[in-house]
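For reference, run.cif (mmCIF, C-alpha atoms and all ligand atoms):
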```
data_my_file
loop_
_atom_site.label_atom_id
_atom_site.label_comp_id
_atom_site.auth_asym_id
_atom_site.auth_seq_id
_atom_site.Cartn_x
_atom_site.Cartn_y
_atom_site.Cartn_z
CA MET A 1 15.31 4.32 -10.69
CA ARG A 2 12.93 5.47 -13.43
CA GLU A 3 11.77 9.06 -13.34
CA PRO A 4 8.09 9.23 -12.43
CA TYR A 5 7.03 11.35 -15.41
CA ASN A 6 4.83 10.39 -18.35
CA MET A 7 3.26 7.58 -16.39
CA VAL A 8 -0.27 6.61 -17.21
CA LEU A 9 -2.80 4.29 -15.64
CA LYS A 10 -4.59 1.80 -17.82
CA ALA A 11 -8.10 0.69 -16.96
CA TRP A 12 -8.24 -3.02 -16.28
CA PRO A 13 -10.80 -4.75 -18.52
CA GLU A 14 -14.03 -5.48 -16.62
CA PRO A 15 -13.76 -9.02 -15.27
CA ASN A 16 -15.97 -11.40 -17.18
CA ASN A 17 -16.57 -14.77 -15.59
CA GLN A 18 -13.48 -14.26 -13.46
CA LYS A 19 -13.28 -14.90 -9.76
CA LEU A 20 -12.55 -12.04 -7.40
CA CYS A 21 -11.34 -12.74 -3.90
CA LEU A 22 -12.01 -10.02 -1.31
CA ASP A 23 -10.37 -10.00 2.09
CA PHE A 24 -12.07 -7.91 4.73
CA GLN A 25 -11.96 -7.18 8.44
CA GLY A 26 -15.46 -6.76 9.73
CA LEU A 27 -18.86 -8.38 9.90
CA LEU A 28 -20.72 -9.89 6.98
CA VAL A 29 -24.13 -8.35 6.38
CA SER A 30 -27.09 -10.69 6.40
CA GLY A 31 -27.85 -12.47 3.14
CA VAL A 32 -24.20 -12.80 2.09
CA LYS A 33 -24.23 -16.54 1.48
CA PRO A 34 -22.73 -18.86 -1.14
CA GLY A 35 -24.91 -19.13 -4.24
CA ARG A 36 -26.52 -15.66 -3.86
CA GLN A 37 -26.32 -13.05 -6.63
CA VAL A 38 -24.73 -9.69 -5.79
CA ALA A 39 -24.85 -6.36 -7.66
CA LYS A 40 -21.84 -4.15 -8.31
CA GLY A 41 -21.38 -1.90 -5.30
CA GLN A 42 -23.57 -4.01 -2.99
CA LEU A 43 -22.48 -3.94 0.66
CA LEU A 44 -20.95 -7.26 1.74
CA ALA A 45 -19.33 -6.54 5.11
CA LYS A 46 -19.35 -3.71 7.65
CA ALA A 47 -16.01 -2.56 9.04
CA SER A 48 -15.51 -3.36 12.71
CA LEU A 49 -12.64 -0.94 13.35
CA VAL A 50 -12.79 2.81 13.04
CA ARG A 51 -10.08 3.23 10.39
CA HIS A 52 -11.14 0.27 8.27
CA SER A 53 -13.68 0.50 5.49
CA ASP A 54 -16.86 -1.31 4.54
CA THR A 55 -16.52 -3.91 1.77
CA HIS A 56 -18.62 -3.76 -1.39
CA SER A 57 -18.77 -6.06 -4.36
CA PRO A 58 -16.63 -4.66 -7.21
CA VAL A 59 -18.73 -6.50 -9.82
CA SER A 60 -22.11 -8.09 -10.31
CA GLY A 61 -21.99 -11.83 -10.05
CA ARG A 62 -22.50 -14.81 -7.79
CA LEU A 63 -21.02 -15.49 -4.37
CA ILE A 64 -19.25 -18.81 -4.59
CA LYS A 65 -17.40 -18.90 -1.26
CA VAL A 66 -18.05 -17.02 1.98
CA LEU A 67 -15.59 -17.26 4.87
CA SER A 68 -15.36 -15.17 8.04
CA GLN A 69 -12.75 -12.81 6.51
CA GLN A 70 -12.96 -13.50 2.79
CA VAL A 71 -15.58 -13.77 0.06
CA THR A 72 -15.12 -15.07 -3.48
CA ILE A 73 -17.35 -13.73 -6.25
CA GLU A 74 -17.69 -15.07 -9.76
CA ALA A 75 -18.28 -12.11 -12.04
CA GLY A 76 -21.30 -12.48 -14.33
CA PRO A 77 -21.16 -11.87 -18.10
CA ASP A 78 -22.53 -8.39 -17.41
CA SER A 79 -20.37 -7.45 -14.44
CA GLY A 80 -21.69 -3.86 -14.33
CA GLY A 81 -25.09 -4.58 -12.81
CA LEU A 82 -27.41 -2.21 -11.03
CA PRO A 83 -25.47 0.17 -8.79
CA PRO A 84 -26.69 1.13 -5.32
CA SER A 85 -27.98 4.66 -4.68
CA PRO A 86 -25.24 7.31 -4.59
CA LEU A 87 -24.19 8.73 -1.24
CA PRO A 88 -23.23 12.37 -1.86
CA LEU A 89 -20.40 13.67 0.32
CA THR A 90 -21.20 17.35 -0.18
CA GLY A 91 -21.72 19.26 3.04
CA LEU A 92 -20.08 16.61 5.23
CA PHE A 93 -17.09 17.45 7.45
CA GLY A 94 -14.87 15.76 10.02
CA PHE A 95 -16.30 12.70 11.75
CA GLU A 96 -19.45 12.53 9.59
CA LEU A 97 -17.34 12.63 6.43
CA ALA A 98 -14.99 9.92 7.76
CA LYS A 99 -18.02 7.73 8.47
CA ALA A 100 -19.39 8.25 4.95
CA LEU A 101 -15.98 7.50 3.38
CA ARG A 102 -15.70 4.26 5.34
CA SER A 103 -19.18 3.24 4.26
CA LEU A 104 -18.10 3.72 0.63
CA GLY A 105 -15.06 1.48 1.08
CA VAL A 106 -12.33 4.08 1.75
CA PRO A 107 -10.34 3.77 4.99
CA THR A 108 -9.40 7.04 6.69
CA PRO A 109 -5.71 7.93 6.99
CA ARG A 110 -4.16 8.71 10.37
CA PRO A 111 -4.55 12.43 11.05
CA PRO A 112 -1.42 14.49 11.81
CA GLY A 113 -0.77 15.72 15.34
CA GLN A 114 -2.28 19.01 16.51
CA GLY A 115 -0.79 21.96 14.64
CA GLN A 116 1.07 19.75 12.18
CA PRO A 117 0.43 19.93 8.42
CA ALA A 118 -0.60 16.88 6.40
CA LEU A 119 1.96 15.83 3.79
CA LEU A 120 0.50 14.73 0.46
CA THR A 121 3.38 12.96 -1.19
CA ALA A 122 3.91 11.85 -4.77
CA LEU A 123 7.48 10.68 -4.13
CA VAL A 124 8.28 7.07 -4.99
CA SER A 125 8.56 5.65 -1.47
CA GLU A 126 10.44 2.56 -2.68
CA PRO A 127 11.47 1.10 -6.06
CA GLY A 128 8.54 -0.84 -7.47
CA LEU A 129 5.92 1.48 -5.90
CA GLU A 130 5.57 4.07 -8.65
CA THR A 131 1.75 4.06 -8.76
CA GLY A 132 1.51 7.27 -6.75
CA ALA A 133 3.56 9.25 -9.25
CA ALA A 134 1.52 7.75 -12.09
CA LEU A 135 -1.68 8.88 -10.38
CA TRP A 136 -0.33 12.40 -9.91
CA ASN A 137 0.45 12.58 -13.60
CA ASP A 138 -2.65 10.98 -14.96
CA GLN A 139 -5.58 11.33 -12.55
CA ARG A 140 -5.36 14.95 -11.52
CA THR A 141 -9.09 15.67 -11.42
CA THR A 142 -9.73 12.74 -9.10
CA LEU A 143 -6.72 13.60 -6.93
CA THR A 144 -7.84 17.23 -6.66
CA ALA A 145 -11.31 16.01 -5.58
CA GLY A 146 -9.51 13.79 -3.03
CA ALA A 147 -7.51 16.78 -1.70
CA ASP A 148 -10.79 18.73 -1.29
CA ILE A 149 -12.20 15.84 0.73
CA LEU A 150 -9.07 15.73 2.89
CA ALA A 151 -9.39 19.47 3.57
CA ARG A 152 -12.95 18.84 4.86
CA LEU A 153 -11.93 15.73 6.77
CA TRP A 154 -9.25 17.67 8.68
CA PRO A 155 -10.56 21.26 8.53
CA GLU A 156 -7.97 22.62 10.99
CA THR A 157 -5.02 21.14 9.08
CA GLN A 158 -2.85 22.72 6.40
CA LEU A 159 -2.19 20.52 3.38
CA TRP A 160 1.33 20.52 1.97
CA GLU A 161 2.38 18.72 -1.21
CA VAL A 162 5.76 17.00 -1.43
CA LEU A 163 6.61 16.41 -5.07
CA PRO A 164 9.54 15.35 -7.20
CA ARG A 165 10.69 17.94 -9.74
CA GLY A 166 8.47 18.00 -12.82
CA LEU A 167 5.11 17.08 -11.28
CA GLU A 168 2.35 19.71 -11.22
CA PRO A 169 0.99 20.59 -7.76
CA LEU A 170 -2.71 20.11 -7.04
CA GLY A 171 -3.01 23.50 -5.34
CA ALA A 172 -2.21 22.90 -1.65
CA SER A 173 -1.18 25.80 0.58
CA ARG A 174 2.50 24.88 0.32
CA VAL A 175 4.51 22.86 -2.19
CA ILE A 176 7.86 21.32 -1.35
CA ILE A 177 10.01 20.06 -4.21
CA ASN A 178 12.03 17.14 -2.92
CA SER A 179 14.71 15.24 -4.79
CA ASP A 180 15.31 12.58 -2.13
CA ARG A 181 15.51 8.96 -3.12
CA TYR A 182 14.66 5.78 -1.22
CA PRO A 183 15.02 5.25 1.77
CA LEU A 184 14.52 8.96 2.54
CA THR A 185 11.22 8.89 0.67
CA HIS A 186 9.84 6.33 3.16
CA PRO A 187 6.89 8.10 4.91
CA ILE A 188 8.60 8.03 8.32
CA PHE A 189 11.84 9.56 7.05
CA LEU A 190 9.96 12.01 4.87
CA LYS A 191 8.05 13.37 7.86
CA LYS A 192 11.29 13.51 9.83
CA SER A 193 13.17 15.42 7.13
CA ILE A 194 10.37 17.93 6.45
CA LEU A 195 8.93 18.51 9.92
CA GLY A 196 11.86 17.36 12.04
CA LEU A 197 9.56 14.90 13.82
CA TYR A 198 10.25 11.21 14.21
CA ASP A 199 6.85 9.55 14.12
CA PRO A 200 6.88 5.75 13.69
CA LYS A 201 3.26 5.88 12.50
CA ALA A 202 3.94 8.63 9.94
CA SER A 203 0.55 10.13 10.86
CA GLY A 204 -0.62 12.73 8.39
CA VAL A 205 1.53 11.47 5.52
CA VAL A 206 -1.04 10.72 2.83
CA GLU A 207 -0.23 8.46 -0.07
CA PRO A 208 -1.83 9.17 -3.47
CA ARG A 209 -3.81 5.89 -3.54
CA ILE A 210 -5.90 7.04 -0.57
CA LEU A 211 -6.30 10.50 -2.07
CA TRP A 212 -7.38 8.96 -5.37
CA ALA A 213 -9.89 6.66 -3.62
CA MET A 214 -11.36 9.64 -1.75
CA GLY A 215 -11.67 11.56 -5.01
CA PHE A 216 -13.21 8.54 -6.77
CA VAL A 217 -16.02 8.12 -4.25
CA ALA A 218 -16.50 11.89 -3.89
CA ARG A 219 -17.01 12.37 -7.63
CA GLY A 220 -19.67 9.69 -7.97
CA GLY A 221 -20.87 9.07 -4.41
CA MET A 222 -20.58 5.38 -5.29
CA PRO A 223 -18.63 2.68 -3.42
CA LEU A 224 -15.05 2.03 -4.33
CA THR A 225 -14.72 -0.84 -6.82
CA HIS A 226 -11.20 -0.37 -8.20
CA LEU A 227 -7.77 0.40 -6.83
CA PRO A 228 -4.59 1.69 -8.48
CA VAL A 229 -1.91 -0.99 -8.67
CA THR A 230 1.50 -1.41 -10.28
CA ILE A 231 2.00 -4.72 -12.03
CA GLN A 232 5.59 -5.21 -13.11
CA ARG A 233 6.37 -1.86 -14.77
CA SER A 234 2.88 -0.68 -15.69
CA HIS A 235 0.09 0.93 -13.72
CA TYR A 236 -3.57 -0.08 -13.70
CA LEU A 237 -6.93 0.65 -12.17
CA ALA A 238 -7.80 -2.93 -11.33
CA PRO A 239 -10.94 -4.33 -9.69
CA LEU A 240 -10.64 -4.84 -5.95
CA GLY A 241 -10.21 -8.53 -5.24
CA LEU A 242 -8.77 -9.39 -8.67
CA ARG A 243 -6.95 -12.65 -8.04
CA LEU A 244 -3.17 -12.37 -8.22
CA SER A 245 -2.99 -15.22 -10.73
CA ASP A 246 -5.53 -13.45 -12.99
CA ALA A 247 -3.70 -10.14 -12.63
CA LEU A 248 -0.45 -11.73 -13.79
CA GLU A 249 -2.14 -13.62 -16.59
CA GLY A 250 -3.88 -10.41 -17.68
CA VAL A 251 -0.49 -8.86 -18.45
CA ASN A 252 0.87 -12.07 -20.01
CA LEU A 253 3.08 -13.09 -17.12
CA SER A 254 3.20 -16.69 -16.07
CA PRO A 255 5.32 -17.71 -13.09
CA GLN A 256 7.60 -20.69 -13.77
CA LYS A 257 9.03 -23.07 -11.20
CA GLY A 258 11.49 -21.20 -8.96
CA ASP A 259 10.15 -17.71 -9.80
CA ALA A 260 8.83 -15.51 -7.01
CA VAL A 261 5.82 -13.22 -6.97
CA VAL A 262 6.38 -10.22 -4.70
CA ILE A 263 3.48 -8.20 -3.30
CA GLY A 264 4.48 -4.61 -2.60
CA GLY A 265 7.76 -2.79 -3.19
CA LEU A 266 10.90 -4.41 -4.52
CA ILE A 267 12.78 -3.90 -1.24
CA THR A 268 10.26 -4.61 1.49
CA GLY A 269 7.60 -6.51 -0.48
CA ARG A 270 6.51 -9.91 0.76
CA PRO A 271 6.48 -13.12 -1.29
CA ALA A 272 2.98 -14.17 -2.34
CA SER A 273 2.20 -17.51 -0.78
CA ASN A 274 -1.19 -17.91 -2.44
CA LEU A 275 -1.89 -16.63 -5.95
CA SER A 276 -5.62 -17.18 -5.40
CA SER A 277 -5.78 -14.27 -2.96
CA GLY A 278 -7.05 -10.94 -4.24
CA LEU A 279 -5.68 -7.43 -4.73
CA GLY A 280 -6.55 -5.02 -1.93
CA TRP A 281 -5.20 -2.10 0.09
CA SER A 282 -2.24 -4.18 1.27
CA SER A 283 -1.15 -5.01 -2.28
CA PRO A 284 -0.13 -1.76 -3.97
CA ALA A 285 2.09 -3.62 -6.47
CA LEU A 286 2.78 -7.04 -7.91
CA HIS A 287 6.14 -8.09 -9.33
CA LEU A 288 7.19 -11.33 -10.92
CA ILE A 289 10.86 -12.01 -10.21
CA ARG A 290 12.36 -14.67 -12.42
CA ALA A 291 14.44 -17.31 -10.64
CA ARG A 292 17.64 -16.08 -12.29
CA HIS A 293 17.11 -12.60 -10.79
CA LEU A 294 16.41 -13.74 -7.24
CA PRO A 295 19.01 -12.69 -4.64
CA PRO A 296 21.89 -15.14 -4.20
CA SER A 297 22.21 -17.24 -1.04
CA PRO A 298 23.59 -15.34 1.96
CA GLU A 299 27.37 -15.32 2.42
CA PRO A 300 29.21 -14.77 5.70
CA CYS A 301 29.29 -11.16 6.88
CA ARG A 302 32.21 -9.14 5.45
CA ARG A 303 32.13 -6.58 8.29
CA CYS A 304 32.02 -3.87 5.69
CA LEU A 305 29.49 -1.75 7.67
CA ARG A 306 27.62 -0.81 4.51
CA CYS A 307 24.35 -1.79 6.21
CA ARG A 308 24.97 0.64 9.05
CA LEU A 309 26.06 3.41 6.70
CA ALA A 310 22.88 2.94 4.66
CA CYS A 311 20.65 3.17 7.72
CA PRO A 312 18.94 6.58 7.93
CA LEU A 313 18.79 6.18 11.73
CA ASP A 314 22.38 4.93 12.12
CA LEU A 315 21.16 1.83 13.94
CA PRO A 316 23.75 -0.88 14.73
CA ILE A 317 22.24 -3.42 12.36
CA ASP A 318 25.79 -4.61 11.49
CA LEU A 319 26.05 -6.21 14.95
CA LEU A 320 23.14 -8.48 14.10
CA GLY A 321 24.17 -8.98 10.46
CA ALA A 322 27.57 -10.28 11.60
CA LEU A 323 26.06 -13.09 13.65
CA SER A 324 25.68 -16.52 12.12
CA MET A 325 22.09 -17.26 11.25
CA ASP A 326 21.68 -19.93 13.93
CA GLN A 327 22.41 -17.19 16.48
CA TRP A 328 19.62 -14.98 15.15
CA PRO A 329 16.66 -16.47 17.05
CA LYS A 330 18.46 -15.73 20.33
CA ALA A 331 19.70 -12.34 19.12
CA SER A 332 16.13 -11.39 18.13
CA ILE A 333 15.33 -11.01 21.82
CA SER A 334 17.72 -8.07 22.18
CA ALA A 335 16.98 -6.74 18.67
CA PRO A 336 13.97 -4.59 19.61
CA GLU A 337 16.13 -2.50 21.93
CA LEU A 338 19.12 -2.43 19.60
CA LEU A 339 16.94 -1.41 16.65
CA SER A 340 14.70 0.99 18.53
CA GLY A 341 12.65 3.09 16.11
CA CYS A 342 13.50 0.95 13.06
CA PRO A 343 10.57 1.12 10.61
CA ALA A 344 11.85 -1.86 8.54
CA CYS A 345 12.63 0.34 5.53
CA GLY A 346 15.02 -2.33 4.20
CA ALA A 347 17.84 0.05 3.20
CA CYS A 348 20.35 -2.04 5.19
CA ALA A 349 19.37 -5.25 3.41
CA LEU A 350 19.62 -3.55 0.03
CA ALA A 351 23.12 -2.28 0.79
CA CYS A 352 24.53 -5.61 1.99
CA PRO A 353 26.95 -7.10 -0.57
CA ALA A 354 26.76 -10.50 1.14
CA ALA A 355 22.97 -10.75 0.70
CA ARG A 356 22.48 -11.20 4.45
CA PRO A 357 18.69 -11.35 5.02
CA LEU A 358 18.71 -8.34 7.33
CA LEU A 359 15.06 -7.53 6.74
CA ALA A 360 14.11 -10.83 8.35
CA ILE A 361 15.76 -9.90 11.63
CA VAL A 362 14.45 -6.36 11.46
CA LEU A 363 10.91 -7.64 10.97
CA SER A 364 11.19 -10.18 13.77
CA ALA A 365 12.43 -7.36 16.02
CA GLN A 366 9.34 -5.37 15.09
CA THR A 367 7.06 -8.30 15.85
CA LEU A 368 8.71 -8.78 19.23
CA ARG A 369 8.46 -5.07 19.99
CA GLN A 370 4.74 -5.08 19.26
CA GLY A 371 4.39 -7.98 21.70
CA PHE A 372 5.85 -5.94 24.60
S1 LIG A 401 15.46 -1.43 8.16
FE1 LIG A 401 17.68 -1.34 8.33
S2 LIG A 401 18.21 0.61 7.34
FE2 LIG A 401 16.02 0.73 7.78
S3 LIG A 401 15.93 1.75 9.76
FE3 LIG A 401 15.92 -0.48 10.16
S4 LIG A 401 18.06 -1.02 10.53
FE4 LIG A 401 18.03 1.02 9.54
S1 LIG A 402 26.49 -4.87 4.92
FE1 LIG A 402 26.25 -7.09 5.11
S2 LIG A 402 28.30 -7.86 4.95
FE2 LIG A 402 28.51 -5.68 5.40
S3 LIG A 402 28.58 -5.55 7.67
FE3 LIG A 402 26.44 -5.36 7.11
S4 LIG A 402 25.65 -7.48 7.25
FE4 LIG A 402 27.86 -7.63 7.14
#
```
Let me see the structure of the file written as structure tokens.
Amino acid sequence: MREPYNMVLKAWPEPNNQKLCLDFQGLLVSGVKPGRQVAKGQLLAKASLVRHSDTHSPVSGRLIKVLSQQVTIEAGPDSGGLPPSPLPLTGLFGFELAKALRSLGVPTPRPPGQGQPALLTALVSEPGLETGAALWNDQRTTLTAGADILARLWPETQLWEVLPRGLEPLGASRVIINSDRYPLTHPIFLKKSILGLYDPKASGVVEPRILWAMGFVARGGMPLTHLPVTIQRSHYLAPLGLRLSDALEGVNLSPQKGDAVVIGGLITGRPASNLSSGLGWSSPALHLIRARHLPPSPEPCRRCLRCRLACPLDLPIDLLGALSMDQWPKASISAPELLSGCPACGACALACPAARPLLAIVLSAQTLRQGF
């Protein structure tokens, strides 16, 4: 894996006559209709859930499609436009601050349990998700502003930084230098190794993208319009809602027949089914995998136990991996119990020399567990 040093973020060129596609969970505000003009920063939808954020237009332009959970905007030639009035965050704490952050487009992270510190981590949680380390290197002023916001959001909580060797701390009360590699850098395992607590929600582990977004809106009091994203091996501040096809084209990548586009990390990322969808919080990275580099077809299980040895929780994933794939639907029913606590980190699938699609069964176990 590449070391996370000397990484920089490049600003994405302002979209000009490009279409942005914003997914949101919430309620459209009145007047958001196809054909209407919108200004950069204009409120489009109000969040309906407490941890979600309001949605603003990242550019000035024209609404060309409005659905119940998605809007498409065509950026105008001058995509800057008139911004809305700033909302200063100075003097706000706790609940009031969380409300203001949400209204500026920043979701609030899960707070740690009572008496627990928050862990601000710059570790690379999985290959292909190096944006956080790039931010730590390159956007220190904004991250420091984000850490100040976090301290006011959770005034009773200590902030600890967990950094790989070579990265400068932001100034939290405690700094832990950690040389772990994936899967131990996964937020759940990180919290377990540092605090000795197994928390499937990894509450209080704060990724740098959120910290950056908090700092961004705190510095200007303006709604969030861009997000950090890794595309292939480079890091960008790209407009929210930038269509995946435009993002790839912008860095001169064109998928050919048989290639796959993966959204997220290289181990647990999901294949993009629709390149017209837009970049958002759930797409921290975009990778084009050429057909010749795609994993080979699964072979029969070799009973080598490498999957189990790779599992940080020592779960008996080998028992499921050894089954023939037509037995998997039935086996999925017992999987939630067998794989209790599994956060779908994907380390087992990565270790398997027979390319058994272990993540698929792990994910179906998770889905079943959530249904209980
Ligand atoms: S995904 Fe695999 S390696 Fe990770 S915890 Fe679950 S069973 Fe273990
Ligand atoms: S690593 Fe793969 S081949 Fe080896 S026991 Fe696990 S599922 Fe079977």
Using all atoms listed in the file, find all polymer residues with an atom at most 10 Å away from the point (10.6, -18.1, -10.6); report them as a short mmCIF file (atom, residue, chain, number, x, y, z; two decimals) with C-alpha atoms, in the coordinates of the input.
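For reference, part_39.cif as written:
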```cif
data_model
loop_
_atom_site.label_atom_id
_atom_site.label_comp_id
_atom_site.auth_asym_id
_atom_site.auth_seq_id
_atom_site.Cartn_x
_atom_site.Cartn_y
_atom_site.Cartn_z
CA SER A 254 3.20 -16.69 -16.07
CA PRO A 255 5.32 -17.71 -13.09
CA GLN A 256 7.60 -20.69 -13.77
CA LYS A 257 9.03 -23.07 -11.20
CA GLY A 258 11.49 -21.20 -8.96
CA ASP A 259 10.15 -17.71 -9.80
CA ALA A 260 8.83 -15.51 -7.01
CA VAL A 261 5.82 -13.22 -6.97
CA LEU A 288 7.19 -11.33 -10.92
CA ILE A 289 10.86 -12.01 -10.21
CA ARG A 290 12.36 -14.67 -12.42
CA ALA A 291 14.44 -17.31 -10.64
CA ARG A 292 17.64 -16.08 -12.29
CA HIS A 293 17.11 -12.60 -10.79
CA LEU A 294 16.41 -13.74 -7.24
#
```
Please identify the residues whose atoms come within 7 Å of ligand LIG 401 (chain A), using all atoms listed in the file, and report them as number ranges by chain.
-> A: 307-308, 310-315, 317, 339, 342-349, 359, 362
For the residues in the current selection, export C-alpha atoms as a compact mmCIF listing (two decimals), keeping the file's coordinate frame.
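Saved to part_36.txt:
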```txt
# COMPACT_ATOMS: atom_id res chain seq x y z
CA CYS A 307 24.35 -1.79 6.21
CA ARG A 308 24.97 0.64 9.05
CA ALA A 310 22.88 2.94 4.66
CA CYS A 311 20.65 3.17 7.72
CA PRO A 312 18.94 6.58 7.93
CA LEU A 313 18.79 6.18 11.73
CA ASP A 314 22.38 4.93 12.12
CA LEU A 315 21.16 1.83 13.94
CA ILE A 317 22.24 -3.42 12.36
CA LEU A 339 16.94 -1.41 16.65
CA CYS A 342 13.50 0.95 13.06
CA PRO A 343 10.57 1.12 10.61
CA ALA A 344 11.85 -1.86 8.54
CA CYS A 345 12.63 0.34 5.53
CA GLY A 346 15.02 -2.33 4.20
CA ALA A 347 17.84 0.05 3.20
CA CYS A 348 20.35 -2.04 5.19
CA ALA A 349 19.37 -5.25 3.41
CA LEU A 359 15.06 -7.53 6.74
CA VAL A 362 14.45 -6.36 11.46
```
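Distances to A:Leu338 were evaluated for A:Cys352, A:Ile64, A:Ile194, A:Leu320 using all atoms listed in the file, and the minimum falls at A:Leu320.
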Might you pull out every residue within 8 Å of A:Leu240, with only C-alpha atoms counted and same-chain residues fewer than 6 positions away left off, and present them as a count of residues only?
-> 9
Enumerate residues in contact with ligand LIG 402 (chain A): an atom-to-atom distance of at most 9 Å, counting all atoms listed in the file. Format the result as a ChimeraX atom specification.
-> /A:299-310,317-323,348-358
For stretch 110-125 of chain A, take all atoms listed in the file, fit an axis-aligned box around them, add 8 Å to each of the six sides, then output centre and edge lengths in Å rounded to one decimal, as lines of an AutoDock Vina configuration file.
```
center_x = 2.0
center_y = 13.8
center_z = 5.8
size_x = 29.1
size_y = 32.3
size_z = 37.5
```
Using only C-alpha atoms, find all polymer residues with an atom at most 12 Å away from the point (11.8, 14.8, 5.3); report them as a PyMOL selection string.
-> chain A and resi 119+121+123+125+162-163+176-199+202+205+312
Please produce a file of those selected residues containing C-alpha atoms, as an mmCIF file, keeping the file's coordinate frame.
```
data_model
loop_
_atom_site.group_PDB
_atom_site.id
_atom_site.type_symbol
_atom_site.label_atom_id
_atom_site.label_comp_id
_atom_site.auth_asym_id
_atom_site.auth_seq_id
_atom_site.Cartn_x
_atom_site.Cartn_y
_atom_site.Cartn_z
ATOM 1 C CA LEU A 119 1.960 15.830 3.790
ATOM 2 C CA THR A 121 3.380 12.960 -1.190
ATOM 3 C CA LEU A 123 7.480 10.680 -4.130
ATOM 4 C CA SER A 125 8.560 5.650 -1.470
ATOM 5 C CA VAL A 162 5.760 17.000 -1.430
ATOM 6 C CA LEU A 163 6.610 16.410 -5.070
ATOM 7 C CA ILE A 176 7.860 21.320 -1.350
ATOM 8 C CA ILE A 177 10.010 20.060 -4.210
ATOM 9 C CA ASN A 178 12.030 17.140 -2.920
ATOM 10 C CA SER A 179 14.710 15.240 -4.790
ATOM 11 C CA ASP A 180 15.310 12.580 -2.130
ATOM 12 C CA ARG A 181 15.510 8.960 -3.120
ATOM 13 C CA TYR A 182 14.660 5.780 -1.220
ATOM 14 C CA PRO A 183 15.020 5.250 1.770
ATOM 15 C CA LEU A 184 14.520 8.960 2.540
ATOM 16 C CA THR A 185 11.220 8.890 0.670
ATOM 17 C CA HIS A 186 9.840 6.330 3.160
ATOM 18 C CA PRO A 187 6.890 8.100 4.910
ATOM 19 C CA ILE A 188 8.600 8.030 8.320
ATOM 20 C CA PHE A 189 11.840 9.560 7.050
ATOM 21 C CA LEU A 190 9.960 12.010 4.870
ATOM 22 C CA LYS A 191 8.050 13.370 7.860
ATOM 23 C CA LYS A 192 11.290 13.510 9.830
ATOM 24 C CA SER A 193 13.170 15.420 7.130
ATOM 25 C CA ILE A 194 10.370 17.930 6.450
ATOM 26 C CA LEU A 195 8.930 18.510 9.920
ATOM 27 C CA GLY A 196 11.860 17.360 12.040
ATOM 28 C CA LEU A 197 9.560 14.900 13.820
ATOM 29 C CA TYR A 198 10.250 11.210 14.210
ATOM 30 C CA ASP A 199 6.850 9.550 14.120
ATOM 31 C CA ALA A 202 3.940 8.630 9.940
ATOM 32 C CA VAL A 205 1.530 11.470 5.520
ATOM 33 C CA PRO A 312 18.940 6.580 7.930
#
```
Name the residues in contact with A:Ser57 at a cut-off of 8 Å, using only C-alpha atoms, excluding same-chain residues fewer than 6 positions from it; report them as a PyMOL selection string.
-> chain A and resi 38-44+225
Residue contacts of A:Arg233 (10 Å, all atoms listed in the file) excluding same-chain residues fewer than 4 positions away, as a PyMOL selection string = chain A and resi 2+128-131+285-287
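Among the candidates A:Ala133, A:Leu244, A:Ile73, A:Ala100, the residue lying nearest to A:Arg209 is A:Ala133 (atoms considered: all atoms listed in the file).
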Skip stretch 140-151 of chain A itself and residues of its chain fewer than 3 positions away, then list as a count of residues only all residues within 10 Å of it, counting all atoms listed in the file.
-> 41
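Minimum atom-to-atom distances from A:Leu153, A:Ala122, A:Ile361, A:Leu237 to A:Arg110 were compared using all atoms listed in the file, and the lowest value belongs to A:Leu153.
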With all atoms listed in the file as the atoms that count, which of A:Pro127, A:Gly204, A:Gly31, A:Gly166 lies nearest to A:Gly269?
-> A:Pro127
Using only C-alpha atoms, the shortest atom-to-atom distance to A:Val124 among A:Leu27, A:Leu266, A:Ala11, A:Leu248 belongs to A:Leu266
Pairwise distance, atom CA of A:Ala45 with atom CA of A:Val29, equals 5.3 Å
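Those residues that approach stretch 12-17 of chain A to within 6 Å, counting only C-alpha atoms, are A:Glu74, A:Ala75, A:Gly76, A:Pro77, A:Leu237, A:Ala238; same-chain residues fewer than 4 positions away are not listed.
The gap separating atom CA of A:Ser277 from atom CA of A:Val71 is 10.3 Å, in Å to one decimal.
Reported to one decimal place, the separation of atom CA of A:Lys99 from atom CA of A:Gly61 is 27.2 Å.
Each of A:Pro239, A:Gly250, A:Gly115, A:Gly26 was compared to A:Gln69 using only C-alpha atoms, and A:Gly26 turns out to be the nearest.
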